[in-house]
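J.: Hey, dropping input_17.pdb in here, PDB, C-alpha atoms:
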ATOM      1  CA  MET A  26      -0.238  -3.172   7.086
ATOM      2  CA  VAL A  27      -1.751  -3.739  10.478
ATOM      3  CA  ILE A  28      -4.657  -1.689  11.736
ATOM      4  CA  ARG A  29      -4.398  -1.365  15.513
ATOM      5  CA  VAL A  30      -7.311  -0.274  17.649
ATOM      6  CA  TYR A  31      -6.200   0.786  21.117
ATOM      7  CA  ILE A  32      -8.950  -0.028  23.603
ATOM      8  CA  ALA A  33      -9.478  -0.176  27.367
ATOM      9  CA  SER A  34     -11.096  -3.440  28.453
ATOM     10  CA  SER A  35     -11.812  -2.162  31.954
ATOM     11  CA  THR A  36     -13.298   1.292  31.637
ATOM     12  CA  GLY A  37     -16.056   2.787  33.736
ATOM     13  CA  SER A  38     -17.180   5.011  30.887
ATOM     14  CA  VAL A  39     -20.238   3.795  28.999
ATOM     15  CA  ALA A  40     -19.398   6.189  26.136
ATOM     16  CA  VAL A  41     -15.882   4.753  25.755
ATOM     17  CA  LYS A  42     -17.283   1.198  25.748
ATOM     18  CA  LYS A  43     -19.853   2.102  23.076
ATOM     19  CA  HIS A  44     -17.262   3.881  20.931
ATOM     20  CA  GLN A  45     -14.893   0.903  21.149
ATOM     21  CA  GLN A  46     -17.705  -1.504  20.254
ATOM     22  CA  ALA A  47     -18.736   0.656  17.296
ATOM     23  CA  VAL A  48     -15.223   0.733  15.823
ATOM     24  CA  VAL A  49     -14.479  -2.958  16.404
ATOM     25  CA  GLY A  50     -17.947  -4.008  15.215
ATOM     26  CA  PHE A  51     -17.604  -2.018  11.997
ATOM     27  CA  LEU A  52     -14.164  -3.466  11.245
ATOM     28  CA  GLU A  53     -15.397  -7.021  11.909
ATOM     29  CA  ALA A  54     -18.581  -6.554   9.869
ATOM     30  CA  ASN A  55     -16.557  -5.242   6.930
ATOM     31  CA  ARG A  56     -13.938  -7.971   7.258
ATOM     32  CA  ILE A  57     -11.136  -5.472   7.804
ATOM     33  CA  SER A  58      -8.211  -7.164   9.477
ATOM     34  CA  PHE A  59      -7.144  -5.434  12.708
ATOM     35  CA  GLN A  60      -5.485  -5.995  16.050
ATOM     36  CA  GLU A  61      -6.939  -4.886  19.380
ATOM     37  CA  VAL A  62      -4.410  -3.524  21.846
ATOM     38  CA  ASP A  63      -5.665  -3.327  25.425
ATOM     39  CA  ILE A  64      -3.997  -0.358  27.095
ATOM     40  CA  THR A  65      -5.225  -1.411  30.541
ATOM     41  CA  MET A  66      -3.142  -4.586  30.384
ATOM     42  CA  LEU A  67      -0.029  -3.329  28.621
ATOM     43  CA  GLU A  68       1.587  -0.239  30.154
ATOM     44  CA  GLU A  69       4.182  -0.079  27.376
ATOM     45  CA  GLN A  70       1.463  -0.007  24.697
ATOM     46  CA  ARG A  71      -0.513   2.662  26.581
ATOM     47  CA  LEU A  72       2.551   4.913  26.749
ATOM     48  CA  TRP A  73       3.339   4.240  23.076
ATOM     49  CA  MET A  74      -0.224   5.253  22.154
ATOM     50  CA  TYR A  75       0.008   8.480  24.168
ATOM     51  CA  ARG A  76       3.365   9.396  22.626
ATOM     52  CA  ASN A  77       2.210   8.752  19.049
ATOM     53  CA  ILE A  78      -0.999  10.753  19.021
ATOM     54  CA  PRO A  79      -0.252  14.113  17.350
ATOM     55  CA  LYS A  80      -0.153  17.146  19.636
ATOM     56  CA  ASP A  81      -3.135  18.735  17.883
ATOM     57  CA  LYS A  82      -5.236  15.644  18.737
ATOM     58  CA  GLN A  83      -4.273  15.605  22.425
ATOM     59  CA  PRO A  84      -6.934  16.793  24.886
ATOM     60  CA  GLU A  85      -6.262  20.024  26.782
ATOM     61  CA  LYS A  86      -6.463  18.098  30.052
ATOM     62  CA  GLY A  87      -5.777  14.471  30.821
ATOM     63  CA  ASN A  88      -4.921  11.698  28.401
ATOM     64  CA  PRO A  89      -6.525  10.762  25.087
ATOM     65  CA  LEU A  90      -9.357   8.281  25.520
ATOM     66  CA  PRO A  91      -9.709   5.041  23.604
ATOM     67  CA  PRO A  92     -10.456   3.984  21.009
ATOM     68  CA  GLN A  93      -7.457   5.336  19.124
ATOM     69  CA  ILE A  94      -6.741   3.939  15.678
ATOM     70  CA  PHE A  95      -3.374   3.445  13.980
ATOM     71  CA  ASN A  96      -2.182   1.877  10.735
ATOM     72  CA  GLU A  97       1.182   0.460  11.815
ATOM     73  CA  ASP A  98       2.837   3.577  13.327
ATOM     74  CA  ARG A  99       0.678   6.092  11.449
ATOM     75  CA  TYR A 100      -2.036   7.724  13.515
ATOM     76  CA  CYS A 101      -5.434   7.491  11.803
ATOM     77  CA  GLY A 102      -7.611   9.123  14.450
ATOM     78  CA  ASP A 103      -9.953   8.713  17.367
ATOM     79  CA  TYR A 104     -13.611   7.714  17.516
ATOM     80  CA  GLU A 105     -14.830  11.115  16.282
ATOM     81  CA  ASP A 106     -12.532  10.916  13.243
ATOM     82  CA  PHE A 107     -13.637   7.327  12.581
ATOM     83  CA  PHE A 108     -17.314   8.229  12.883
ATOM     84  CA  GLU A 109     -16.898  11.140  10.465
ATOM     85  CA  SER A 110     -15.128   8.917   7.922
ATOM     86  CA  LYS A 111     -17.893   6.322   8.292
ATOM     87  CA  GLU A 112     -20.575   8.951   7.678
ATOM     88  CA  ASN A 113     -18.659  10.189   4.612
ATOM     89  CA  ASN A 114     -18.067   6.629   3.351
ATOM     90  CA  THR A 115     -14.282   7.181   3.469
ATOM     91  CA  VAL A 116     -13.244   4.604   6.100
ATOM     92  CA  PHE A 117     -10.722   2.841   3.846
ATOM     93  CA  THR A 118      -9.018   6.157   3.092
ATOM     94  CA  PHE A 119      -9.140   7.083   6.802
ATOM     95  CA  LEU A 120      -7.418   3.780   7.621
ATOM     96  CA  GLY A 121      -4.887   4.198   4.807
ATOM     97  CA  LEU A 122      -6.123   1.082   3.007
ATOM     98  CA  SER A 123      -7.310   0.227  -0.463
ATOM     99  CA  SER A 124     -10.716  -1.420  -0.264
ATOM    100  CA  GLN A 125      -9.688  -4.703  -1.874
ATOM    101  CA  THR A 126      -6.352  -5.401  -0.184
ATOM    102  CA  SER A 127      -7.653  -4.852   3.343
ATOM    103  CA  LEU A 128     -10.277  -7.561   3.386
ATOM    104  CA  LYS A 129      -9.562 -10.622   5.486
ATOM    105  CA  ASP A 130      -8.818 -13.773   3.570
ATOM    106  CA  SER A 131     -12.043 -15.679   3.166
ATOM    107  CA  GLU A 132     -12.316 -18.381   5.755
ATOM    108  CA  SER A 133     -13.012 -21.767   4.232
TER     109      SER A 133
END
I need this file expressed as structure tokens, please.
T.:
Amino acid sequence: MVIRVYIASSTGSVAVKKHQQAVVGFLEANRISFQEVDITMLEEQRLWMYRNIPKDKQPEKGNPLPPQIFNEDRYCGDYEDFFESKENNTVFTFLGLSSQTSLKDSES
């Protein structure tokens, strides 16, 4: 299973930057293996992200903002969903992981 965090490396939004940093920082601090996908560099990935976010999670206007989180092809949620799962101590469930199998291999 690969957790993918879709981010925008060149965004003018301070809120988007902070949200991306919060998600990535949490995953790194908890040794959860993940892959960052920069939608500003990869048009194909940006379009894939847009197409695979459920209709009920799409904004009324415009496109969904990063960060958007997927486990393989399964949509997990956006920053608000992540934050709520963090507050409820249910991040592993939110990500579709068991707590033990998602940890990075210890680096020797």
J.: Applied to the shown file, which residues does the PyMOL selection byres ((chain A and resi 91) around 9) return, written as a VMD selection string?
T.: chain A and resid 30 to 33 41 to 42 44 to 45 64 89 to 90 92 to 94 103 to 104
J.: Ranking A:Asp98, A:Glu61, A:Ser35, A:Leu67 by minimum distance to A:Pro79 and counting all atoms listed in the file, which one comes first?
T.: A:Asp98
J.: Give me, as a PyMOL selection string, all polymer residues having an atom no more than 12 Å from A:Arg99, counting only C-alpha atoms and skipping those fewer than 5 positions away in the same chain.
T.: chain A and resi 26-30+74+76-79+93-94+119-122
J.: Using the selection just defined, write its residues with C-alpha atoms as a tab-separated table (two decimals), in the frame of the given file.
T.:
chain	number	residue	atom	x	y	z
A	26	MET	CA	-0.24	-3.17	7.09
A	27	VAL	CA	-1.75	-3.74	10.48
A	28	ILE	CA	-4.66	-1.69	11.74
A	29	ARG	CA	-4.40	-1.36	15.51
A	30	VAL	CA	-7.31	-0.27	17.65
A	74	MET	CA	-0.22	5.25	22.15
A	76	ARG	CA	3.36	9.40	22.63
A	77	ASN	CA	2.21	8.75	19.05
A	78	ILE	CA	-1.00	10.75	19.02
A	79	PRO	CA	-0.25	14.11	17.35
A	93	GLN	CA	-7.46	5.34	19.12
A	94	ILE	CA	-6.74	3.94	15.68
A	119	PHE	CA	-9.14	7.08	6.80
A	120	LEU	CA	-7.42	3.78	7.62
A	121	GLY	CA	-4.89	4.20	4.81
A	122	LEU	CA	-6.12	1.08	3.01
J.: Pick out the closest residue to A:Asn88 from this set: A:Phe51, A:Phe117, A:Gly102, A:Leu72. Count all atoms listed in the file.
T.: A:Leu72
J.: List the spatial neighbours of A:Met66 as a VMD selection string - criterion: any atom at most 9 Å away, all atoms listed in the file, same-chain residues fewer than 3 positions off excluded.
T.: chain A and resid 33 to 34 62 to 63 70 to 71
J.: Calculate how many Å separate atom CA of A:Lys80 from atom CA of A:Gly50, rounding to one decimal.
T.: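 Atom CA of A:Gly50 lies 28.0 Å from atom CA of A:Lys80.
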J.: Just the number, please: distance in Å from atom CA of A:Gln83 to atom CA of A:Asn114, one decimal.
T.: 25.2 Å
J.: How many Å lie between atom CA of A:Phe59 and atom CA of A:Trp73, rounded to one decimal?
T.: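 Here the two named atoms are 17.6 Å from each other.
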J.: With distances taken over all atoms listed in the file, which of A:Phe107, A:Ser123, A:Thr118, A:Gly37 is nearest to A:Val49?
T.: A:Phe107
J.: Counting only C-alpha atoms, which residues in stretch 44-70 of chain A sit no more than 12 Å from stretch 109-112 of chain A? For each one, give the nearest pair of atoms and the distance in Å, sorted by chain then residue number, as CSV.
T.:
residue,atom,partner,partner_atom,distance
A:Ala47,CA,A:Lys111,CA,10.7
A:Val48,CA,A:Lys111,CA,9.8
A:Phe51,CA,A:Lys111,CA,9.1
A:Leu52,CA,A:Lys111,CA,10.9
A:Asn55,CA,A:Lys111,CA,11.7
J.: Have stretch 30-41 of chain A completed to all heavy atoms, please, and pass it along as an mmCIF file, keeping the file's coordinate frame.
T.:
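Done, and the output landed in part.cif:
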data_model
loop_
_atom_site.group_PDB
_atom_site.id
_atom_site.type_symbol
_atom_site.label_atom_id
_atom_site.label_comp_id
_atom_site.auth_asym_id
_atom_site.auth_seq_id
_atom_site.Cartn_x
_atom_site.Cartn_y
_atom_site.Cartn_z
ATOM 1 N N VAL A 30 -6.307 -1.039 16.923
ATOM 2 C CA VAL A 30 -7.311 -0.274 17.649
ATOM 3 C C VAL A 30 -6.952 -0.378 19.132
ATOM 4 O O VAL A 30 -6.985 -1.468 19.708
ATOM 5 C CB VAL A 30 -8.740 -0.803 17.402
ATOM 6 C CG1 VAL A 30 -9.755 0.029 18.169
ATOM 7 C CG2 VAL A 30 -9.053 -0.809 15.911
ATOM 8 N N TYR A 31 -6.566 0.746 19.699
ATOM 9 C CA TYR A 31 -6.200 0.786 21.117
ATOM 10 C C TYR A 31 -7.471 0.969 21.930
ATOM 11 O O TYR A 31 -8.206 1.939 21.732
ATOM 12 C CB TYR A 31 -5.201 1.914 21.371
ATOM 13 C CG TYR A 31 -3.835 1.571 20.827
ATOM 14 C CD1 TYR A 31 -3.569 1.639 19.459
ATOM 15 C CD2 TYR A 31 -2.828 1.142 21.672
ATOM 16 C CE1 TYR A 31 -2.325 1.303 18.956
ATOM 17 C CE2 TYR A 31 -1.578 0.798 21.176
ATOM 18 C CZ TYR A 31 -1.330 0.877 19.823
ATOM 19 O OH TYR A 31 -0.098 0.535 19.317
ATOM 20 N N ILE A 32 -7.726 -0.011 22.809
ATOM 21 C CA ILE A 32 -8.950 -0.028 23.603
ATOM 22 C C ILE A 32 -8.603 -0.136 25.087
ATOM 23 O O ILE A 32 -7.454 -0.404 25.442
ATOM 24 C CB ILE A 32 -9.856 -1.208 23.200
ATOM 25 C CG1 ILE A 32 -9.140 -2.541 23.449
ATOM 26 C CG2 ILE A 32 -10.300 -1.103 21.749
ATOM 27 C CD1 ILE A 32 -10.032 -3.622 23.920
ATOM 28 N N ALA A 33 -9.606 0.053 25.932
ATOM 29 C CA ALA A 33 -9.478 -0.176 27.367
ATOM 30 C C ALA A 33 -10.555 -1.188 27.764
ATOM 31 O O ALA A 33 -11.739 -0.871 27.722
ATOM 32 C CB ALA A 33 -9.646 1.127 28.135
ATOM 33 N N SER A 34 -10.124 -2.389 28.129
ATOM 34 C CA SER A 34 -11.096 -3.440 28.453
ATOM 35 C C SER A 34 -11.817 -3.163 29.770
ATOM 36 O O SER A 34 -12.946 -3.590 29.960
ATOM 37 C CB SER A 34 -10.418 -4.806 28.511
ATOM 38 O OG SER A 34 -9.436 -4.811 29.533
ATOM 39 N N SER A 35 -11.169 -2.456 30.670
ATOM 40 C CA SER A 35 -11.812 -2.162 31.954
ATOM 41 C C SER A 35 -11.956 -0.654 32.126
ATOM 42 O O SER A 35 -11.122 0.002 32.719
ATOM 43 C CB SER A 35 -11.012 -2.759 33.112
ATOM 44 O OG SER A 35 -9.708 -2.258 33.109
ATOM 45 N N THR A 36 -13.006 -0.129 31.528
ATOM 46 C CA THR A 36 -13.298 1.292 31.637
ATOM 47 C C THR A 36 -14.659 1.461 32.301
ATOM 48 O O THR A 36 -15.558 0.659 32.089
ATOM 49 C CB THR A 36 -13.286 1.996 30.263
ATOM 50 O OG1 THR A 36 -13.619 3.374 30.450
ATOM 51 C CG2 THR A 36 -14.261 1.373 29.284
ATOM 52 N N GLY A 37 -14.783 2.505 33.090
ATOM 53 C CA GLY A 37 -16.056 2.787 33.736
ATOM 54 C C GLY A 37 -16.956 3.661 32.888
ATOM 55 O O GLY A 37 -18.107 3.914 33.231
ATOM 56 N N SER A 38 -16.438 4.100 31.753
ATOM 57 C CA SER A 38 -17.180 5.011 30.887
ATOM 58 C C SER A 38 -18.028 4.242 29.874
ATOM 59 O O SER A 38 -17.497 3.511 29.039
ATOM 60 C CB SER A 38 -16.212 5.932 30.138
ATOM 61 O OG SER A 38 -16.882 6.631 29.123
ATOM 62 N N VAL A 39 -19.335 4.439 29.953
ATOM 63 C CA VAL A 39 -20.238 3.795 28.999
ATOM 64 C C VAL A 39 -19.961 4.312 27.583
ATOM 65 O O VAL A 39 -19.976 3.547 26.615
ATOM 66 C CB VAL A 39 -21.714 4.030 29.397
ATOM 67 C CG1 VAL A 39 -22.655 3.513 28.332
ATOM 68 C CG2 VAL A 39 -22.000 3.378 30.734
ATOM 69 N N ALA A 40 -19.674 5.608 27.459
ATOM 70 C CA ALA A 40 -19.398 6.189 26.136
ATOM 71 C C ALA A 40 -18.162 5.550 25.510
ATOM 72 O O ALA A 40 -18.177 5.207 24.320
ATOM 73 C CB ALA A 40 -19.216 7.698 26.242
ATOM 74 N N VAL A 41 -17.099 5.376 26.284
ATOM 75 C CA VAL A 41 -15.882 4.753 25.755
ATOM 76 C C VAL A 41 -16.186 3.323 25.310
ATOM 77 O O VAL A 41 -15.772 2.908 24.224
ATOM 78 C CB VAL A 41 -14.732 4.790 26.791
ATOM 79 C CG1 VAL A 41 -13.575 3.889 26.368
ATOM 80 C CG2 VAL A 41 -14.238 6.218 26.994
#
